[in-house]
Amino acid sequence: MRTLGLAIVALWFASRGSWVLVAIAVTAAVVFAVASALSANAARFLDEAARKVGVGAVEVIATVGVGIVDVLVALPGRFLSIVRRRSPLTGAVGTPSSTWRTRTSGPNDRDRPDRPWAPDVPGGRAARRSGPPRLSRLFLGLGGLLVLDALAGSLLPQPEVPSWVQPVARVQGDVEPGVSGVPDASAATRASGVALAGTSWGETCLSEADGLEYDYVQFLVRRVRSTDGDCIDVANGERSGFTPDGATKEVWLLGGSAAFGEGQRDGHTIASELARASEAAGSPVRVRNFAVPGFTSYQEALLLEQQLAVLPAPDLVVLYDGVNDIAAQVAGPTDQATWLPFVLWRSSTPGGTRSLWTRWHDSSLVVQGWDWLVGGSAQASPAGEAPDPAEVAQLTIGTYERGVRLAQRVGAERGVPVLAFFQATKVATDDEVTRRVIAQLPDDVVDLSGALDDAPSTFIDGVHTNEEGSRRVAAALAAQARGTVLEPAGS
């Protein structure tokens, strides 16, 4: 009987699919059953606790009910009596009757031994402590805390853990944290700048870019999830764009968010402007935009290898990047391949088969509080010494060049030329690490960092540009791509 109520509760939770709460109810039932088996006093203690809980529930319900009646009936009546200046006792006009008297306890009432609430009775016998033995009380207390902890934690918002799938799962978090020149501001704030002033689509495009979802892909880490928006249309990792009629040649564009076209419509990204310029020059080329916000050069090389494994080889591959490689090194200097940090949710077991321990751990209020405390402490701790700009720049050049060389080797195996361009940026002269990196770029990497120096108003921030900026970058890029399919006809 002691566990019958919990069993009914567990069945009700199961009918609603709340398996964490089912686990809590079953755990409570087991704790109560074991405690009762260990000690008869524990059983009596549980029965008394159940009785008190029941009495308390009744009192709460009664209090709430009386309160509702008081609010809905008594208080309006009292208010009307005051307004009408009539006594609530006699109904006559005048002040309330003076026959009401509040009865107070006498000075000697607390000394009377027949009072059940007398705290100390001189000469009386101390009340015998009742309840289960110390070991049973400890077990019961820990079990109760465990149940209450899981119950409290289950009431907090829980992250959605996707069913186990291979190799795709949900990626959450900032796409490009810590990138120099990219402010942590809302889409509305960024759209209000001079670069997008007067546009009807600026805020929409930035909002859609901020709201992009990403899939986990092995080795690449992430890929843009297919979406169909007013500004951004992505299918199978490729962003839509302008494709000229009669295009027989194909170019692939790889890079981060600047190449992807954050703050630009599909038909006006760098890829679309390259294709539009090729059409105007009489040599139409299809330019496919495989850029992924947040990608570094090494990720682009791995993406190129994967795309070449499933798609016909293009006539040219263009890498447009650089700033993300710097940001990754600033976040954590290393001589190994880098990518920007982010948050990844990925389940490790099939959906619905997580262990009871995992379910408790995920819903525990104590665990969540500890994680918050540790995370808060880590964030609140004093920052270490800032990395040396010269060291960061040297590490960036090392890993960036490795990515470029890897992409070139992958392309060479399929007979595809790979051109690397360091992207246009407004922070080239303001950031010391960026200046050092640009000064040490490999000879075969084309420096476009200053391509927009004569048009600073095209920058939405220090990295991303408006559509005029993408047109100018595309023109500068094509001008440096002599001897490729991007060279105008008759040149």
# chains A, B, ... in the order shown; residues from 1 in each chain; ligands from 1
call {"tool": "select_by_dssp", "arguments": {"residues": "stretch 364-474 of chain A", "states": "alpha helix (DSSP H)", "output": "PyMOL selection string"}}
result
chain A and resi 365-380+389-413+432-439+467-474
call {"tool": "residues_around", "arguments": {"residues": "A:Val287", "least_positions_apart": "2", "cutoff": "6 Å", "atoms": "only C-alpha atoms", "output": "JSON, numbers by chain"}}
result
{"A": [250, 251, 252, 271, 275]}
call {"tool": "atom_distance", "arguments": {"atom1": "atom CA of A:Gly255", "atom2": "atom CA of A:Ala291"}}
result
4.6 Å
call {"tool": "closest_atom_pairs", "arguments": {"of": "stretch 384-485 of chain A", "to": "stretch 302-314 of chain A", "cutoff": "12 Å", "atoms": "only C-alpha atoms", "output": "Markdown table"}}
result
| residue | atom | partner | partner_atom | distance |
| --- | --- | --- | --- | --- |
| A:Arg402 | CA | A:Leu302 | CA | 11.8 |
| A:Gly403 | CA | A:Leu302 | CA | 8.7 |
| A:Val404 | CA | A:Leu302 | CA | 10.6 |
| A:Arg405 | CA | A:Leu302 | CA | 11.6 |
| A:Leu406 | CA | A:Leu302 | CA | 8.3 |
| A:Ala407 | CA | A:Leu304 | CA | 6.9 |
| A:Gln408 | CA | A:Leu304 | CA | 9.7 |
| A:Arg409 | CA | A:Glu305 | CA | 9.8 |
| A:Val410 | CA | A:Glu305 | CA | 6.2 |
| A:Gly411 | CA | A:Leu304 | CA | 7.8 |
| A:Ala412 | CA | A:Ala313 | CA | 10.8 |
| A:Glu413 | CA | A:Glu305 | CA | 10.0 |
| A:Arg414 | CA | A:Ala313 | CA | 6.9 |
| A:Gly415 | CA | A:Ala313 | CA | 8.2 |
| A:Val416 | CA | A:Pro314 | CA | 6.7 |
| A:Pro417 | CA | A:Pro314 | CA | 9.1 |
| A:Val418 | CA | A:Leu304 | CA | 10.1 |
| A:Thr484 | CA | A:Pro314 | CA | 11.7 |
| A:Val485 | CA | A:Pro314 | CA | 10.3 |
call {"tool": "atom_distance", "arguments": {"atom1": "atom CA of A:Pro284", "atom2": "atom CA of A:Asp245"}}
result
7.2 Å
call {"tool": "residues_around", "arguments": {"residues": "A:Ala247", "least_positions_apart": "5", "cutoff": "12 Å", "atoms": "only C-alpha atoms", "output": "MDAnalysis selection string"}}
result
chainID A and resid 242 275:276 278:279 282:288 315 485:486
call {"tool": "residues_around", "arguments": {"residues": "A:Thr27", "least_positions_apart": "5", "cutoff": "9 Å", "atoms": "only C-alpha atoms", "output": "list in words"}}
result
Val22, Phe32, Gly143, Leu146 and Val147 of chain A
call {"tool": "closest_residue", "arguments": {"among": "A:Thr396, A:Thr334, A:Thr189, A:Gln264", "to": "A:Ala209", "atoms": "only C-alpha atoms"}}
result
A:Gln264
call {"tool": "atom_distance", "arguments": {"atom1": "atom CA of A:Ala28", "atom2": "atom CA of A:Gly5"}}
result
10.8 Å
call {"tool": "residues_around", "arguments": {"residues": "A:Val194", "least_positions_apart": "4", "cutoff": "9 Å", "atoms": "only C-alpha atoms", "output": "JSON, numbers by chain"}}
result
{"A": [198, 457, 458, 459, 460]}
call {"tool": "write_last_selection", "arguments": {"atoms": "N, CA and C atoms", "output": "mmCIF file, in the first residue's frame"}}
result
data_model
loop_
_atom_site.group_PDB
_atom_site.id
_atom_site.type_symbol
_atom_site.label_atom_id
_atom_site.label_comp_id
_atom_site.auth_asym_id
_atom_site.auth_seq_id
_atom_site.Cartn_x
_atom_site.Cartn_y
_atom_site.Cartn_z
ATOM 1 N N GLY A 198 18.822 51.785 -45.840
ATOM 2 C CA GLY A 198 17.917 51.964 -46.967
ATOM 3 C C GLY A 198 17.490 50.679 -47.647
ATOM 4 N N SER A 457 32.615 51.904 -46.751
ATOM 5 C CA SER A 457 31.195 51.892 -46.381
ATOM 6 C C SER A 457 30.496 50.611 -46.811
ATOM 7 N N THR A 458 31.175 49.766 -47.590
ATOM 8 C CA THR A 458 30.554 48.501 -47.993
ATOM 9 C C THR A 458 30.627 47.451 -46.901
ATOM 10 N N PHE A 459 31.425 47.694 -45.854
ATOM 11 C CA PHE A 459 31.556 46.724 -44.767
ATOM 12 C C PHE A 459 30.388 46.844 -43.788
ATOM 13 N N ILE A 460 29.714 45.722 -43.529
ATOM 14 C CA ILE A 460 28.693 45.666 -42.474
ATOM 15 C C ILE A 460 29.385 45.686 -41.117
#
call {"tool": "residues_around", "arguments": {"residues": "A:Gln440", "least_positions_apart": "4", "cutoff": "9 Å", "atoms": "only C-alpha atoms", "output": "JSON, numbers by chain"}}
result
{"A": [393, 394, 397, 435, 436]}
call {"tool": "closest_atom_pairs", "arguments": {"of": "stretch 202-303 of chain A", "to": "stretch 475-478 of chain A", "cutoff": "10 Å", "atoms": "only C-alpha atoms", "output": "CSV"}}
result
residue,atom,partner,partner_atom,distance
A:Ile270,CA,A:Ala475,CA,9.1
A:Glu273,CA,A:Ala475,CA,8.1
A:Leu274,CA,A:Ala475,CA,7.2
A:Ala277,CA,A:Ala475,CA,7.5
A:Ser278,CA,A:Ala478,CA,8.8
